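Q: Pasting a structure below so you can have a look.
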Amino acid sequence: MSGRNPSADVLHRWGERNNFVWLITEDILEEYKEVLKRLRVRPNLIGKVINLIRERAEEVKVRASAQISPCASPKC
């Protein structure tokens with residue numbers, strides 16, 4: 001399916017060919033919604049996009065995060 005957005009077309013083709021597994025969390029989906037809102041995408045289209053992503057993606061559960069120092073050297 002070809003559309004008006006070449007980037008979306010590439011992602012669609014990749015998804016159709018199962019070239020990758022799209023990993024998502026609820027936080028990621030919320031971020032997608034916010035970005036689409038900022039881009040002034042219509043709310044009904046945002047819902048369709050999010051539902052399509054949910055259908056094709058694999059949801060992962062995130063464990064508690066840990067603080068990791070950006071520098072491994074004792075001199076930092």
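Labels used: A, B, ... for chains in the order of the structure tokens, numbers from 1 for residues in each chain, and numbers from 1 for ligands as shown.
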Write out as a PyMOL selection string all residues of range 5-70 of chain A that DSSP puts in strand (DSSP E) for this structure's backbone.

A: chain A and resi 23-24+58-59

Q: So that I can check the surroundings of range 52-64 of chain A, please list as a PDB file with N, CA and C atoms, in the first residue's frame every protein, DNA and RNA residue that reaches within 6 Å of it, counting only C-alpha atoms and ignoring chain neighbours fewer than 5 positions away.

A:
ATOM      1  N   TRP A  22       8.336  -5.083  16.462  1.00  0.00           N
ATOM      2  CA  TRP A  22       8.156  -3.770  17.056  1.00  0.00           C
ATOM      3  C   TRP A  22       7.834  -3.971  18.527  1.00  0.00           C
ATOM      4  N   LEU A  23       8.758  -3.592  19.417  1.00  0.00           N
ATOM      5  CA  LEU A  23       8.560  -3.744  20.856  1.00  0.00           C
ATOM      6  C   LEU A  23       8.011  -2.442  21.420  1.00  0.00           C
ATOM      7  N   ILE A  24       6.958  -2.544  22.208  1.00  0.00           N
ATOM      8  CA  ILE A  24       6.331  -1.358  22.762  1.00  0.00           C
ATOM      9  C   ILE A  24       6.035  -1.532  24.246  1.00  0.00           C
ATOM     10  N   THR A  25       5.857  -0.417  24.903  1.00  0.00           N
ATOM     11  CA  THR A  25       5.328  -0.376  26.261  1.00  0.00           C
ATOM     12  C   THR A  25       4.181   0.632  26.240  1.00  0.00           C
TER      13      THR A  25
END

Q: Leaving out Ile46 in chain A and any residue of its chain fewer than 4 positions from it, which residues lie within 8 Å of it when counting only C-alpha atoms, given as number ranges by chain?

A: A: 33, 36-37, 41-42, 50

Q: In Å, how far is it from CA of Gln67 in chain A to CA of Val35 in chain A?

A: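 According to the coordinates, CA of Gln67 in chain A and CA of Val35 in chain A are separated by 26.8 Å.
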
Q: Run DSSP on the backbone of this structure and report the residues of chain A it assigns to alpha helix (DSSP H), as a ChimeraX atom specification.

A: /A:6-16,26-38,43-56

Q: What lies within 12 Å of Leu11 in chain A using only C-alpha atoms, ignoring chain neighbours under 3 positions off, as a list in words?

A: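 Listing them by chain and then by number gives Met1, Ser2, Gly3, Asn5, Pro6, Ser7, Ala8, Trp14, Gly15, Glu16, Arg17, Asn18, Asn19, Phe20, Val21, Trp22, Ile53 and Arg56 of chain A.
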
Q: Would you save the residues of that selection, restricted to all heavy atoms, as a CSV table (one decimal), in the first residue's frame?

A:
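What follows is the written file again-v7.csv:
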chain,number,residue,atom,x,y,z
A,1,MET,N,0.8,-1.2,0.0
A,1,MET,CA,0.0,0.0,0.0
A,1,MET,C,0.9,1.2,0.0
A,1,MET,O,1.7,1.4,0.9
A,1,MET,CB,-0.9,0.0,1.2
A,1,MET,CG,-1.6,1.3,1.3
A,1,MET,SD,-2.8,1.7,2.6
A,1,MET,CE,-3.0,0.6,3.8
A,2,SER,N,0.7,2.1,-1.0
A,2,SER,CA,1.5,3.3,-1.1
A,2,SER,C,0.7,4.5,-0.7
A,2,SER,O,-0.4,4.6,-1.0
A,2,SER,CB,2.0,3.4,-2.5
A,2,SER,OG,2.9,4.5,-2.6
A,3,GLY,N,1.3,5.4,0.0
A,3,GLY,CA,0.6,6.6,0.5
A,3,GLY,C,1.3,7.9,0.2
A,3,GLY,O,2.2,7.9,-0.8
A,5,ASN,N,3.3,9.5,2.3
A,5,ASN,CA,4.5,9.7,3.1
A,5,ASN,C,5.5,8.6,2.9
A,5,ASN,O,5.2,7.4,3.3
A,5,ASN,CB,4.0,9.7,4.6
A,5,ASN,CG,5.1,10.0,5.5
A,5,ASN,OD1,6.2,9.5,5.4
A,5,ASN,ND2,4.9,10.8,6.5
A,6,PRO,N,6.6,8.8,2.2
A,6,PRO,CA,7.6,7.8,1.9
A,6,PRO,C,8.1,7.1,3.2
A,6,PRO,O,8.3,5.9,3.1
A,6,PRO,CB,8.7,8.5,1.2
A,6,PRO,CG,8.1,9.8,0.7
A,6,PRO,CD,7.0,10.1,1.7
A,7,SER,N,8.3,7.8,4.3
A,7,SER,CA,8.8,7.1,5.5
A,7,SER,C,7.8,6.1,6.0
A,7,SER,O,8.1,5.0,6.4
A,7,SER,CB,9.0,8.2,6.6
A,7,SER,OG,10.0,9.1,6.2
A,8,ALA,N,6.5,6.5,6.0
A,8,ALA,CA,5.4,5.6,6.5
A,8,ALA,C,5.4,4.4,5.5
A,8,ALA,O,5.1,3.3,6.0
A,8,ALA,CB,4.1,6.3,6.5
A,14,TRP,N,8.3,-2.8,5.7
A,14,TRP,CA,9.0,-3.6,6.7
A,14,TRP,C,8.1,-4.4,7.6
A,14,TRP,O,8.4,-5.6,7.8
A,14,TRP,CB,9.9,-2.7,7.6
A,14,TRP,CG,11.1,-2.2,6.9
A,14,TRP,CD1,11.6,-2.5,5.7
A,14,TRP,CD2,12.0,-1.2,7.5
A,14,TRP,NE1,12.8,-1.8,5.5
A,14,TRP,CE2,13.0,-1.0,6.6
A,14,TRP,CE3,12.0,-0.5,8.7
A,14,TRP,CZ2,14.1,-0.1,6.8
A,14,TRP,CZ3,13.1,0.4,8.9
A,14,TRP,CH2,14.1,0.6,8.0
A,15,GLY,N,7.1,-3.8,8.1
A,15,GLY,CA,6.1,-4.5,8.9
A,15,GLY,C,5.5,-5.7,8.2
A,15,GLY,O,5.3,-6.8,8.8
A,16,GLU,N,5.1,-5.5,6.9
A,16,GLU,CA,4.5,-6.5,6.1
A,16,GLU,C,5.4,-7.7,5.9
A,16,GLU,O,4.9,-8.9,5.8
A,16,GLU,CB,4.0,-6.0,4.8
A,16,GLU,CG,2.8,-5.0,4.9
A,16,GLU,CD,1.5,-5.8,5.4
A,16,GLU,OE1,1.3,-6.9,4.8
A,16,GLU,OE2,0.9,-5.2,6.3
A,17,ARG,N,6.7,-7.5,5.8
A,17,ARG,CA,7.6,-8.5,5.5
A,17,ARG,C,8.2,-9.2,6.8
A,17,ARG,O,9.0,-10.0,6.7
A,17,ARG,CB,8.8,-7.9,4.7
A,17,ARG,CG,8.4,-7.5,3.4
A,17,ARG,CD,9.6,-7.0,2.6
A,17,ARG,NE,9.2,-6.4,1.3
A,17,ARG,CZ,9.8,-5.4,0.8
A,17,ARG,NH1,10.8,-4.8,1.4
A,17,ARG,NH2,9.3,-4.9,-0.4
A,18,ASN,N,7.7,-8.7,7.9
A,18,ASN,CA,8.2,-9.2,9.2
A,18,ASN,C,9.7,-9.1,9.4
A,18,ASN,O,10.3,-10.0,9.9
A,18,ASN,CB,7.7,-10.7,9.4
A,18,ASN,CG,6.2,-10.8,9.5
A,18,ASN,OD1,5.6,-9.9,10.1
A,18,ASN,ND2,5.6,-11.8,8.9
A,19,ASN,N,10.2,-8.0,8.9
A,19,ASN,CA,11.7,-7.8,9.1
A,19,ASN,C,12.1,-7.5,10.5
A,19,ASN,O,13.3,-7.6,10.8
A,19,ASN,CB,12.1,-6.7,8.2
A,19,ASN,CG,12.1,-7.0,6.7
A,19,ASN,OD1,11.9,-8.2,6.3
A,19,ASN,ND2,12.3,-6.1,5.8
A,20,PHE,N,11.2,-7.1,11.3
A,20,PHE,CA,11.5,-6.8,12.7
A,20,PHE,C,10.3,-7.0,13.6
A,20,PHE,O,9.2,-7.1,13.1
A,20,PHE,CB,12.1,-5.3,12.8
A,20,PHE,CG,11.0,-4.3,12.4
A,20,PHE,CD1,10.2,-3.7,13.4
A,20,PHE,CD2,10.9,-3.9,11.1
A,20,PHE,CE1,9.3,-2.8,13.1
A,20,PHE,CE2,9.9,-2.9,10.8
A,20,PHE,CZ,9.1,-2.4,11.7
A,21,VAL,N,10.6,-7.0,14.9
A,21,VAL,CA,9.5,-7.1,15.9
A,21,VAL,C,9.5,-5.7,16.5
A,21,VAL,O,10.5,-5.3,17.1
A,21,VAL,CB,9.8,-8.2,16.9
A,21,VAL,CG1,8.7,-8.2,18.0
A,21,VAL,CG2,9.9,-9.5,16.3
A,22,TRP,N,8.3,-5.1,16.5
A,22,TRP,CA,8.2,-3.8,17.1
A,22,TRP,C,7.8,-4.0,18.5
A,22,TRP,O,6.8,-4.5,18.9
A,22,TRP,CB,7.0,-3.1,16.4
A,22,TRP,CG,6.9,-1.6,16.6
A,22,TRP,CD1,7.3,-0.9,17.6
A,22,TRP,CD2,6.3,-0.7,15.7
A,22,TRP,NE1,7.0,0.4,17.4
A,22,TRP,CE2,6.4,0.6,16.3
A,22,TRP,CE3,5.6,-0.8,14.5
A,22,TRP,CZ2,5.9,1.7,15.7
A,22,TRP,CZ3,5.1,0.3,13.9
A,22,TRP,CH2,5.2,1.6,14.4
A,53,ILE,N,-0.6,-0.2,15.6
A,53,ILE,CA,0.7,-0.6,16.3
A,53,ILE,C,0.5,-1.7,17.3
A,53,ILE,O,1.3,-2.6,17.3
A,53,ILE,CB,1.3,0.7,16.9
A,53,ILE,CG1,1.7,1.7,15.9
A,53,ILE,CG2,2.5,0.3,17.9
A,53,ILE,CD1,2.1,3.0,16.4
A,56,ARG,N,0.3,-5.1,15.6
A,56,ARG,CA,1.6,-5.6,15.0
A,56,ARG,C,2.7,-5.7,15.9
A,56,ARG,O,3.7,-6.3,15.6
A,56,ARG,CB,1.9,-4.7,13.8
A,56,ARG,CG,0.9,-4.8,12.7
A,56,ARG,CD,1.3,-3.9,11.6
A,56,ARG,NE,0.3,-4.0,10.6
A,56,ARG,CZ,0.5,-4.5,9.4
A,56,ARG,NH1,1.6,-4.9,9.0
A,56,ARG,NH2,-0.5,-4.5,8.5
